[in-house]
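**Q** Sharing run-v4.pdb (PDB, C-alpha atoms) below.
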```
MODEL        1
ATOM      1  CA  MET A   6      41.777  28.107 -22.910
ATOM      2  CA  ALA A   7      38.896  30.115 -21.445
ATOM      3  CA  GLN A   8      41.269  32.955 -20.582
ATOM      4  CA  GLU A   9      42.628  32.978 -24.143
ATOM      5  CA  LYS A  10      39.101  33.218 -25.600
ATOM      6  CA  SER A  11      38.227  36.007 -23.173
ATOM      7  CA  LYS A  12      41.390  37.879 -24.089
ATOM      8  CA  ALA A  13      40.684  37.485 -27.819
ATOM      9  CA  ALA A  14      37.135  38.770 -27.354
ATOM     10  CA  SER A  15      38.376  41.755 -25.353
ATOM     11  CA  THR A  16      40.687  42.764 -28.207
ATOM     12  CA  VAL A  17      38.251  42.091 -31.055
ATOM     13  CA  TRP A  18      35.211  43.989 -29.680
ATOM     14  CA  PRO A  19      36.910  47.408 -29.295
ATOM     15  CA  THR A  20      38.052  47.084 -32.910
ATOM     16  CA  VAL A  21      34.686  46.137 -34.422
ATOM     17  CA  LYS A  22      32.540  48.284 -32.098
ATOM     18  CA  PRO A  23      32.885  51.533 -34.117
ATOM     19  CA  PHE A  24      31.764  49.658 -37.234
ATOM     20  CA  VAL A  25      28.801  47.989 -35.496
ATOM     21  CA  ASN A  26      27.708  51.264 -33.905
ATOM     22  CA  GLY A  27      28.054  53.186 -37.165
ATOM     23  CA  GLY A  28      26.012  50.688 -39.166
ATOM     24  CA  ALA A  29      23.282  50.402 -36.531
ATOM     25  CA  SER A  30      22.879  54.177 -36.181
ATOM     26  CA  GLY A  31      22.767  54.660 -39.949
ATOM     27  CA  MET A  32      20.139  51.933 -40.434
ATOM     28  CA  LEU A  33      17.913  53.366 -37.693
ATOM     29  CA  ALA A  34      18.159  56.832 -39.242
ATOM     30  CA  THR A  35      17.296  55.443 -42.691
ATOM     31  CA  CYS A  36      14.059  53.905 -41.411
ATOM     32  CA  VAL A  37      12.915  57.427 -40.504
ATOM     33  CA  ILE A  38      14.290  59.328 -43.516
ATOM     34  CA  GLN A  39      13.492  56.908 -46.377
ATOM     35  CA  PRO A  40      10.304  58.730 -47.583
ATOM     36  CA  ILE A  41      12.175  62.046 -47.889
ATOM     37  CA  ASP A  42      14.991  60.332 -49.779
ATOM     38  CA  MET A  43      12.466  58.807 -52.171
ATOM     39  CA  ILE A  44      10.921  62.216 -52.873
ATOM     40  CA  LYS A  45      14.378  63.730 -53.403
ATOM     41  CA  VAL A  46      15.235  61.185 -56.090
ATOM     42  CA  ARG A  47      11.924  61.777 -57.917
ATOM     43  CA  ILE A  48      12.539  65.556 -57.880
ATOM     44  CA  GLN A  49      16.003  65.026 -59.376
ATOM     45  CA  LEU A  50      14.380  62.905 -62.091
ATOM     46  CA  GLY A  51      12.260  65.926 -63.042
ATOM     47  CA  GLN A  52       8.829  64.941 -61.694
ATOM     48  CA  GLY A  53       8.029  68.295 -60.092
ATOM     49  CA  SER A  54       8.096  69.887 -56.649
ATOM     50  CA  ALA A  55       8.146  68.036 -53.345
ATOM     51  CA  VAL A  56       4.387  68.529 -52.859
ATOM     52  CA  ASP A  57       3.547  67.433 -56.417
ATOM     53  CA  VAL A  58       5.788  64.370 -56.212
ATOM     54  CA  THR A  59       4.328  63.307 -52.857
ATOM     55  CA  LYS A  60       0.715  63.705 -54.027
ATOM     56  CA  THR A  61       1.356  61.856 -57.285
ATOM     57  CA  MET A  62       3.193  58.987 -55.600
ATOM     58  CA  ILE A  63       0.521  58.406 -52.944
ATOM     59  CA  LYS A  64      -2.313  58.746 -55.477
ATOM     60  CA  ASN A  65      -0.848  56.476 -58.159
ATOM     61  CA  GLU A  66       1.312  54.042 -56.186
ATOM     62  CA  GLY A  67      -0.031  54.118 -52.643
ATOM     63  CA  PHE A  68       1.592  55.175 -49.364
ATOM     64  CA  GLY A  69       3.954  52.206 -49.484
ATOM     65  CA  ALA A  70       5.696  53.787 -52.481
ATOM     66  CA  LEU A  71       7.390  56.204 -50.061
ATOM     67  CA  TYR A  72       9.262  53.221 -48.622
ATOM     68  CA  LYS A  73      10.130  51.630 -51.944
ATOM     69  CA  GLY A  74      13.790  50.704 -51.902
ATOM     70  CA  LEU A  75      13.963  50.511 -48.103
ATOM     71  CA  SER A  76      15.717  47.136 -48.235
ATOM     72  CA  ALA A  77      18.394  48.640 -50.498
ATOM     73  CA  GLY A  78      18.639  51.678 -48.224
ATOM     74  CA  LEU A  79      19.202  49.479 -45.185
ATOM     75  CA  LEU A  80      21.733  47.358 -47.067
ATOM     76  CA  ARG A  81      23.514  50.545 -48.113
ATOM     77  CA  GLN A  82      23.753  51.720 -44.506
ATOM     78  CA  ALA A  83      24.894  48.264 -43.383
ATOM     79  CA  THR A  84      27.800  48.513 -45.822
ATOM     80  CA  TYR A  85      28.506  52.209 -46.474
ATOM     81  CA  THR A  86      27.865  53.732 -43.054
ATOM     82  CA  THR A  87      29.376  50.785 -41.218
ATOM     83  CA  ALA A  88      32.584  51.246 -43.181
ATOM     84  CA  ARG A  89      32.777  55.060 -43.157
ATOM     85  CA  LEU A  90      31.960  55.736 -39.480
ATOM     86  CA  GLY A  91      34.061  52.812 -38.291
ATOM     87  CA  THR A  92      36.992  53.870 -40.445
ATOM     88  CA  PHE A  93      36.678  57.525 -39.387
ATOM     89  CA  LYS A  94      36.734  56.567 -35.695
ATOM     90  CA  ILE A  95      39.822  54.413 -36.130
ATOM     91  CA  LEU A  96      41.630  57.030 -38.238
ATOM     92  CA  THR A  97      40.901  59.868 -35.818
ATOM     93  CA  ASN A  98      41.953  57.747 -32.813
ATOM     94  CA  LYS A  99      45.254  56.952 -34.525
ATOM     95  CA  ALA A 100      45.748  60.604 -35.456
ATOM     96  CA  ILE A 101      45.041  61.730 -31.880
ATOM     97  CA  GLU A 102      47.612  59.236 -30.585
ATOM     98  CA  ALA A 103      50.156  60.608 -33.051
ATOM     99  CA  ASN A 104      49.225  64.119 -31.888
ATOM    100  CA  ASP A 105      50.034  63.257 -28.241
ATOM    101  CA  GLY A 106      46.363  63.179 -27.264
ATOM    102  CA  LYS A 107      45.662  66.759 -28.380
ATOM    103  CA  PRO A 108      42.510  67.641 -30.408
ATOM    104  CA  LEU A 109      43.025  67.354 -34.147
ATOM    105  CA  PRO A 110      43.131  70.470 -36.345
ATOM    106  CA  LEU A 111      40.308  70.812 -38.842
ATOM    107  CA  TYR A 112      42.373  69.833 -41.878
ATOM    108  CA  GLN A 113      43.327  66.500 -40.279
ATOM    109  CA  LYS A 114      39.677  65.778 -39.488
ATOM    110  CA  ALA A 115      38.826  66.635 -43.091
ATOM    111  CA  LEU A 116      41.482  64.225 -44.379
ATOM    112  CA  CYS A 117      40.132  61.470 -42.132
ATOM    113  CA  GLY A 118      36.624  62.221 -43.420
ATOM    114  CA  LEU A 119      37.746  62.116 -47.056
ATOM    115  CA  THR A 120      39.462  58.759 -46.548
ATOM    116  CA  ALA A 121      36.570  57.253 -44.619
ATOM    117  CA  GLY A 122      34.108  58.438 -47.263
ATOM    118  CA  ALA A 123      36.106  56.886 -50.098
ATOM    119  CA  ILE A 124      36.382  53.524 -48.334
ATOM    120  CA  GLY A 125      32.730  53.493 -47.312
ATOM    121  CA  ALA A 126      31.489  54.416 -50.788
ATOM    122  CA  THR A 127      33.567  51.717 -52.455
ATOM    123  CA  VAL A 128      32.095  49.103 -50.136
ATOM    124  CA  GLY A 129      28.537  50.450 -50.391
ATOM    125  CA  SER A 130      28.390  51.321 -54.111
ATOM    126  CA  PRO A 131      26.481  48.154 -55.199
ATOM    127  CA  ALA A 132      23.752  48.767 -52.609
ATOM    128  CA  ASP A 133      23.605  52.437 -53.605
ATOM    129  CA  LEU A 134      23.109  51.466 -57.253
ATOM    130  CA  ALA A 135      20.315  49.058 -56.279
ATOM    131  CA  LEU A 136      18.658  51.819 -54.222
ATOM    132  CA  ILE A 137      18.706  54.332 -57.092
ATOM    133  CA  ARG A 138      17.413  51.754 -59.584
ATOM    134  CA  MET A 139      14.535  50.709 -57.301
ATOM    135  CA  GLN A 140      13.534  54.295 -56.530
ATOM    136  CA  ALA A 141      13.628  55.349 -60.194
ATOM    137  CA  ASP A 142      11.904  52.253 -61.579
ATOM    138  CA  ALA A 143       8.343  53.563 -61.301
ATOM    139  CA  THR A 144       9.249  56.649 -63.367
ATOM    140  CA  LEU A 145      10.136  54.525 -66.405
ATOM    141  CA  PRO A 146       7.709  53.339 -69.120
ATOM    142  CA  ALA A 147       6.175  49.976 -68.235
ATOM    143  CA  ALA A 148       8.207  48.179 -70.902
ATOM    144  CA  GLN A 149      11.507  49.487 -69.482
ATOM    145  CA  ARG A 150      10.862  48.808 -65.802
ATOM    146  CA  ARG A 151      13.160  46.322 -64.126
ATOM    147  CA  ASN A 152      10.645  45.349 -61.409
ATOM    148  CA  TYR A 153      13.166  44.439 -58.730
ATOM    149  CA  THR A 154      11.438  42.854 -55.727
ATOM    150  CA  ASN A 155      14.122  43.738 -53.155
ATOM    151  CA  ALA A 156      17.742  44.814 -52.852
ATOM    152  CA  PHE A 157      19.196  41.320 -53.179
ATOM    153  CA  HIS A 158      17.069  40.623 -56.259
ATOM    154  CA  ALA A 159      18.340  43.895 -57.747
ATOM    155  CA  LEU A 160      21.973  42.971 -57.072
ATOM    156  CA  TYR A 161      21.450  39.507 -58.559
ATOM    157  CA  ARG A 162      19.735  40.834 -61.692
ATOM    158  CA  ILE A 163      22.338  43.560 -62.255
ATOM    159  CA  SER A 164      25.243  41.120 -61.956
ATOM    160  CA  ALA A 165      23.487  38.467 -64.082
ATOM    161  CA  ASP A 166      22.285  40.810 -66.849
ATOM    162  CA  GLU A 167      25.104  43.350 -66.963
ATOM    163  CA  GLY A 168      28.088  41.602 -65.389
ATOM    164  CA  ILE A 169      29.524  41.691 -61.877
ATOM    165  CA  LEU A 170      31.440  44.922 -62.510
ATOM    166  CA  ALA A 171      28.148  46.667 -63.332
ATOM    167  CA  LEU A 172      27.483  46.689 -59.576
ATOM    168  CA  TRP A 173      30.054  49.481 -59.432
ATOM    169  CA  LYS A 174      28.525  51.476 -62.314
ATOM    170  CA  GLY A 175      28.806  55.112 -61.333
ATOM    171  CA  ALA A 176      31.227  54.211 -58.536
ATOM    172  CA  GLY A 177      33.522  57.068 -59.542
ATOM    173  CA  PRO A 178      31.014  59.870 -58.872
ATOM    174  CA  THR A 179      29.670  57.885 -55.906
ATOM    175  CA  VAL A 180      33.090  57.830 -54.258
ATOM    176  CA  VAL A 181      33.754  61.506 -55.030
ATOM    177  CA  ARG A 182      30.328  62.464 -53.672
ATOM    178  CA  ALA A 183      30.939  60.409 -50.527
ATOM    179  CA  MET A 184      34.322  62.031 -49.997
ATOM    180  CA  ALA A 185      32.752  65.495 -50.235
ATOM    181  CA  LEU A 186      29.823  64.552 -47.988
ATOM    182  CA  ASN A 187      31.950  62.926 -45.316
ATOM    183  CA  MET A 188      34.513  65.716 -45.331
ATOM    184  CA  GLY A 189      31.654  68.122 -44.602
ATOM    185  CA  MET A 190      29.761  65.837 -42.236
ATOM    186  CA  LEU A 191      32.469  64.216 -40.112
ATOM    187  CA  ALA A 192      34.993  67.042 -39.847
ATOM    188  CA  SER A 193      32.364  69.710 -39.114
ATOM    189  CA  TYR A 194      30.674  67.534 -36.479
ATOM    190  CA  ASP A 195      33.833  66.961 -34.461
ATOM    191  CA  GLN A 196      34.814  70.610 -34.799
ATOM    192  CA  SER A 197      31.317  71.770 -33.806
ATOM    193  CA  VAL A 198      31.233  69.492 -30.759
ATOM    194  CA  GLU A 199      34.420  71.128 -29.509
ATOM    195  CA  PHE A 200      32.982  74.608 -30.225
ATOM    196  CA  PHE A 201      29.580  74.033 -28.560
ATOM    197  CA  LYS A 202      31.028  72.209 -25.569
ATOM    198  CA  ASP A 203      34.272  74.114 -24.905
ATOM    199  CA  SER A 204      33.603  77.611 -26.270
ATOM    200  CA  LEU A 205      29.865  77.981 -25.593
ATOM    201  CA  GLY A 206      29.646  75.676 -22.581
ATOM    202  CA  CYS A 207      26.554  73.876 -23.910
ATOM    203  CA  GLY A 208      25.195  70.737 -22.314
ATOM    204  CA  GLU A 209      25.187  67.304 -23.903
ATOM    205  CA  VAL A 210      21.803  67.549 -25.651
ATOM    206  CA  ALA A 211      22.390  71.067 -27.007
ATOM    207  CA  THR A 212      25.874  70.090 -28.169
ATOM    208  CA  ILE A 213      24.652  67.035 -30.080
ATOM    209  CA  LEU A 214      21.726  68.876 -31.686
ATOM    210  CA  GLY A 215      23.805  71.925 -32.599
ATOM    211  CA  ALA A 216      26.790  69.998 -33.911
ATOM    212  CA  SER A 217      24.657  67.562 -35.891
ATOM    213  CA  SER A 218      22.727  70.462 -37.475
ATOM    214  CA  VAL A 219      25.954  72.122 -38.586
ATOM    215  CA  SER A 220      27.201  68.745 -39.798
ATOM    216  CA  GLY A 221      24.046  68.159 -41.834
ATOM    217  CA  PHE A 222      24.228  71.546 -43.553
ATOM    218  CA  PHE A 223      27.852  71.178 -44.622
ATOM    219  CA  ALA A 224      27.283  67.583 -45.727
ATOM    220  CA  SER A 225      24.414  68.801 -47.959
ATOM    221  CA  ALA A 226      26.202  71.815 -49.416
ATOM    222  CA  CYS A 227      29.371  69.887 -50.212
ATOM    223  CA  SER A 228      27.771  66.802 -51.710
ATOM    224  CA  LEU A 229      24.644  67.752 -53.706
ATOM    225  CA  PRO A 230      26.411  68.582 -57.021
ATOM    226  CA  PHE A 231      28.153  65.199 -56.917
ATOM    227  CA  ASP A 232      24.912  63.484 -55.868
ATOM    228  CA  TYR A 233      23.105  64.988 -58.860
ATOM    229  CA  VAL A 234      25.722  63.718 -61.321
ATOM    230  CA  LYS A 235      25.813  60.315 -59.617
ATOM    231  CA  THR A 236      22.040  59.948 -59.880
ATOM    232  CA  GLN A 237      22.027  60.868 -63.586
ATOM    233  CA  ILE A 238      24.777  58.337 -64.343
ATOM    234  CA  GLN A 239      23.199  55.505 -62.385
ATOM    235  CA  LYS A 240      19.692  55.881 -63.835
ATOM    236  CA  MET A 241      20.625  56.393 -67.505
ATOM    237  CA  GLN A 242      19.483  53.896 -70.121
ATOM    238  CA  PRO A 243      20.453  53.532 -73.793
ATOM    239  CA  ASP A 244      18.157  55.032 -76.408
ATOM    240  CA  ALA A 245      16.684  53.198 -79.404
ATOM    241  CA  GLU A 246      20.093  53.225 -81.089
ATOM    242  CA  GLY A 247      21.808  51.825 -78.002
ATOM    243  CA  LYS A 248      23.540  55.108 -77.186
ATOM    244  CA  LEU A 249      23.771  56.323 -73.605
ATOM    245  CA  PRO A 250      23.003  60.004 -72.881
ATOM    246  CA  TYR A 251      26.335  60.514 -71.080
ATOM    247  CA  LYS A 252      29.784  59.065 -71.688
ATOM    248  CA  GLY A 253      30.712  59.473 -68.028
ATOM    249  CA  SER A 254      30.539  61.769 -65.028
ATOM    250  CA  LEU A 255      32.644  64.502 -66.666
ATOM    251  CA  ASP A 256      30.455  64.466 -69.791
ATOM    252  CA  CYS A 257      27.344  64.601 -67.593
ATOM    253  CA  THR A 258      28.800  67.546 -65.665
ATOM    254  CA  LEU A 259      29.646  69.506 -68.817
ATOM    255  CA  LYS A 260      26.292  68.849 -70.513
ATOM    256  CA  THR A 261      24.395  69.777 -67.353
ATOM    257  CA  LEU A 262      26.442  72.954 -66.943
ATOM    258  CA  LYS A 263      25.810  73.881 -70.587
ATOM    259  CA  SER A 264      22.077  73.207 -70.534
ATOM    260  CA  GLY A 265      21.106  74.399 -67.071
ATOM    261  CA  GLY A 266      23.984  76.384 -65.616
ATOM    262  CA  PRO A 267      25.688  75.793 -62.248
ATOM    263  CA  PHE A 268      22.468  76.013 -60.230
ATOM    264  CA  LYS A 269      21.130  72.952 -62.069
ATOM    265  CA  PHE A 270      23.409  70.866 -59.836
ATOM    266  CA  TYR A 271      21.457  72.156 -56.829
ATOM    267  CA  THR A 272      18.107  70.941 -58.153
ATOM    268  CA  GLY A 273      16.072  69.836 -55.158
ATOM    269  CA  PHE A 274      18.466  71.398 -52.645
ATOM    270  CA  PRO A 275      15.782  72.257 -50.040
ATOM    271  CA  VAL A 276      14.485  68.676 -50.042
ATOM    272  CA  TYR A 277      18.031  67.293 -50.228
ATOM    273  CA  CYS A 278      19.065  69.415 -47.262
ATOM    274  CA  VAL A 279      15.917  68.425 -45.373
ATOM    275  CA  ARG A 280      16.728  64.795 -46.096
ATOM    276  CA  ILE A 281      20.490  64.891 -45.444
ATOM    277  CA  ALA A 282      20.449  67.098 -42.345
ATOM    278  CA  PRO A 283      17.884  65.038 -40.373
ATOM    279  CA  HIS A 284      19.588  61.798 -41.430
ATOM    280  CA  VAL A 285      22.929  63.148 -40.254
ATOM    281  CA  MET A 286      21.356  64.431 -37.029
ATOM    282  CA  MET A 287      19.582  61.151 -36.332
ATOM    283  CA  THR A 288      22.687  59.146 -37.155
ATOM    284  CA  TRP A 289      24.678  61.119 -34.586
ATOM    285  CA  ILE A 290      21.832  60.991 -32.034
ATOM    286  CA  PHE A 291      21.346  57.245 -32.457
ATOM    287  CA  LEU A 292      25.108  56.735 -32.318
ATOM    288  CA  ASN A 293      25.320  58.746 -29.092
ATOM    289  CA  GLN A 294      22.467  56.754 -27.532
ATOM    290  CA  ILE A 295      23.999  53.430 -28.593
ATOM    291  CA  GLN A 296      27.319  54.453 -27.046
ATOM    292  CA  LYS A 297      25.589  55.554 -23.818
ATOM    293  CA  PHE A 298      23.758  52.225 -23.616
ATOM    294  CA  GLN A 299      26.963  50.279 -24.189
ATOM    295  CA  LYS A 300      28.733  52.333 -21.526
ATOM    296  CA  SER A 301      25.972  51.701 -18.979
ATOM    297  CA  ALA A 302      25.969  47.986 -19.883
ATOM    298  CA  GLY A 303      29.744  47.769 -19.587
ATOM    299  CA  LEU A 304      30.214  46.838 -23.264
TER     300      LEU A 304
ENDMDL
END
```
What does this structure look like when you write it as structure tokens?
**A**
Amino acid sequence: MAQEKSKAASTVWPTVKPFVNGGASGMLATCVIQPIDMIKVRIQLGQGSAVDVTKTMIKNEGFGALYKGLSAGLLRQATYTTARLGTFKILTNKAIEANDGKPLPLYQKALCGLTAGAIGATVGSPADLALIRMQADATLPAAQRRNYTNAFHALYRISADEGILALWKGAGPTVVRAMALNMGMLASYDQSVEFFKDSLGCGEVATILGASSVSGFFASACSLPFDYVKTQIQKMQPDAEGKLPYKGSLDCTLKTLKSGGPFKFYTGFPVYCVRIAPHVMMTWIFLNQIQKFQKSAGL
């Protein structure tokens, strides 16, 4: 009996380990990046530059406002990043096996990233909606504020007031944005690791820093237009006549393109890049350290 339990544990842990490691690394990175993410959302909501937004938030709402929505951010990482990094690891391992152990070409890594991003975003969409709502709440008139106390309260209120399916409001653009982000982030990281290590002969630290920087840039450039549309869809509220400003993500895209041109989708790009790139870098760094610890501990 003891041998059977030991055997079951030895087969279960290798399967769940990529998911545990992915979620843990994403949550640790979020604890560091949350203030920048908060500022990015306020910029996208049209409250001014990064400096103006930061000054106004601290003056009017206190320093703690920079960490508003942290519970939703952590819940998002516990669902979204757990699913996407775990899925990507499993998909790439299977693809490498099918490729006779040879390194995967870039297009196969991109396909694995697209798939992992779609799965992760579907799982994490409710937490992402709660995060956006909590971060945008203070920008609304007092009468329209939802006053969520934490992520679980937000999820409960959304499902109770708007129906359970409302938890996936904006899931379409969320999934598309996640596919673009993860194609840029995951595929470029693996490709960059091979380049820095094999072609340039860099050491472990330089390889991780260089590859994660490249990964962060491509994740930002690929995903910001979709992130902008997603944010507009998730924060919209009906007017006095009960009419929503956008019929959907395509309508939002067309109206934004008409009113502001293509560069409107890159509103807040410097802050977005500063937020995404460090989060990506820290996620990879934390993931690498977690894996090193597990290796030294024999896990």
**Q** Could you check which of A:Pro131, A:Gly106, A:Gly69, A:Pro243 is closest to Gln149 of chain A, using only C-alpha atoms?
**A**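 Answer, going by the shortest atom-to-atom distance: A:Pro243.
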**Q** Of the candidates A:Phe222, A:Tyr194, A:Phe298, A:Phe24, which shows the shortest atom-to-atom distance to Ile95 of chain A, using all atoms listed in the file?
**A** A:Phe24
**Q** With the file shown as input, list the residues that the PyMOL selection byres ((chain A and resi 92) around 8) selects, as an NGL selection string.
**A** :A and (23-24 or 88-91 or 93-96 or 121 or 124)
**Q** List, as number ranges by chain, every residue that the PyMOL selection byres ((chain A and resi 229-231) around 7) selects in the file provided.
**A** A: 178, 181-182, 225-228, 232-235, 270-271
**Q** Distance atom CA of Val128 of chain A-atom CA of Arg280 of chain A, one decimal place?
**A**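 A separation of 22.3 Å between them.
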**Q** Output the residue selection produced by the PyMOL selection byres ((chain A and resi 304) around 12) on the file above, formatted as a ChimeraX atom specification.
**A** /A:14-15,18-19,22,26,295-303
**Q** How many Å lie between atom CA of Met190 of chain A and atom CA of Ala224 of chain A, rounded to one decimal?
**A**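 The value is 4.6 Å.
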**Q** Considering all atoms listed in the file, can you say which of A:Ala176, A:Ala55, A:Ala103, A:Leu259 comes closest to Leu134 of chain A?
**A** A:Ala176
**Q** Quick one: pull the distance between atom CA of Arg162 of chain A and atom CA of Asp142 of chain A, Å, one decimal.
**A**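 Distance reported for this atom pair: 13.8 Å.
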**Q** Using only C-alpha atoms, determine which residues lie at most 10 Å from Ser197 of chain A, disregarding the query and same-chain residues fewer than 2 positions distant; provide the list as a ChimeraX atom specification.
**A** /A:191-195,199-204,212-213,215-220
**Q** With all atoms listed in the file as the atoms that count, which of A:Gln294, A:Asn155, A:Gln242, A:Gln140 lies nearest to Met62 of chain A?
**A**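 Checking each candidate against Met62 of chain A, we get A:Gln140 as the closest.
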**Q** Kindly indicate which residue among A:Thr272, A:Thr59, A:Thr87, A:Gln52 lies nearest to Ser30 of chain A, using all atoms listed in the file for the distances.
**A**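 For Ser30 of chain A, the nearest of the candidates is A:Thr87.
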**Q** Compile the contact shell of Met43 of chain A as a ChimeraX atom specification: residues with an atom at most 10 Å away, counting all atoms listed in the file, same-chain residues fewer than 2 positions apart removed.
**A** /A:38-41,45-48,58-59,62,70-75,136-137,139-141,280
**Q** Print the selection's residues with C-alpha atoms to a file, as a tab-separated table (two decimals), keeping the file's coordinate frame.
**A**
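Saved result, part33.tsv, follows:
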```tsv
chain	number	residue	atom	x	y	z
A	38	ILE	CA	14.29	59.33	-43.52
A	39	GLN	CA	13.49	56.91	-46.38
A	40	PRO	CA	10.30	58.73	-47.58
A	41	ILE	CA	12.18	62.05	-47.89
A	45	LYS	CA	14.38	63.73	-53.40
A	46	VAL	CA	15.24	61.18	-56.09
A	47	ARG	CA	11.92	61.78	-57.92
A	48	ILE	CA	12.54	65.56	-57.88
A	58	VAL	CA	5.79	64.37	-56.21
A	59	THR	CA	4.33	63.31	-52.86
A	62	MET	CA	3.19	58.99	-55.60
A	70	ALA	CA	5.70	53.79	-52.48
A	71	LEU	CA	7.39	56.20	-50.06
A	72	TYR	CA	9.26	53.22	-48.62
A	73	LYS	CA	10.13	51.63	-51.94
A	74	GLY	CA	13.79	50.70	-51.90
A	75	LEU	CA	13.96	50.51	-48.10
A	136	LEU	CA	18.66	51.82	-54.22
A	137	ILE	CA	18.71	54.33	-57.09
A	139	MET	CA	14.54	50.71	-57.30
A	140	GLN	CA	13.53	54.30	-56.53
A	141	ALA	CA	13.63	55.35	-60.19
A	280	ARG	CA	16.73	64.80	-46.10
```
**Q** What's the 12 Å shell around Leu249 of chain A, counting only C-alpha atoms, without same-chain residues fewer than 4 positions away, as a VMD selection string?
**A** chain A and resid 237 to 245 253 256 to 257
**Q** When you count all atoms listed in the file, which of these residues is closest to Cys36 of chain A: A:Lys107, A:Lys248, A:Arg151, A:His284?
**A** A:His284
**Q** Using all atoms of segment 54-65 of chain A that appear in the file, construct an axis-aligned enclosing box with 4 Å of padding on every side and provide its centre coordinates and edge lengths in Å, rounded to one decimal, as AutoDock Vina command-line options.
**A**
```
--center_x 2.9 --center_y 63.2 --center_z -55.5 --size_x 18.5 --size_y 21.4 --size_z 13.3
```
**Q** As a compact mmCIF listing (two decimals), in the coordinates of the input, please: segment 21-33 of chain A completed to N, CA and C atoms.
**A**
```txt
# COMPACT_ATOMS: atom_id res chain seq x y z
N VAL A 21 35.88 46.20 -33.56
CA VAL A 21 34.69 46.14 -34.42
C VAL A 21 33.56 47.05 -33.93
N LYS A 22 33.63 47.48 -32.66
CA LYS A 22 32.54 48.28 -32.10
C LYS A 22 32.23 49.55 -32.89
N PRO A 23 33.23 50.34 -33.33
CA PRO A 23 32.88 51.53 -34.12
C PRO A 23 32.13 51.20 -35.40
N PHE A 24 32.44 50.06 -36.00
CA PHE A 24 31.76 49.66 -37.23
C PHE A 24 30.33 49.22 -36.95
N VAL A 25 30.15 48.43 -35.88
CA VAL A 25 28.80 47.99 -35.50
C VAL A 25 27.93 49.18 -35.13
N ASN A 26 28.47 50.08 -34.33
CA ASN A 26 27.71 51.26 -33.90
C ASN A 26 27.35 52.16 -35.08
N GLY A 27 28.30 52.35 -35.99
CA GLY A 27 28.05 53.19 -37.16
C GLY A 27 26.96 52.62 -38.05
N GLY A 28 27.03 51.32 -38.33
CA GLY A 28 26.01 50.69 -39.17
C GLY A 28 24.64 50.72 -38.53
N ALA A 29 24.57 50.42 -37.23
CA ALA A 29 23.28 50.40 -36.53
C ALA A 29 22.64 51.79 -36.51
N SER A 30 23.42 52.82 -36.23
CA SER A 30 22.88 54.18 -36.18
C SER A 30 22.41 54.64 -37.56
N GLY A 31 23.16 54.29 -38.59
CA GLY A 31 22.77 54.66 -39.95
C GLY A 31 21.50 53.96 -40.40
N MET A 32 21.33 52.69 -40.05
CA MET A 32 20.14 51.93 -40.43
C MET A 32 18.90 52.46 -39.71
N LEU A 33 19.04 52.80 -38.44
CA LEU A 33 17.91 53.37 -37.69
C LEU A 33 17.49 54.71 -38.28
```
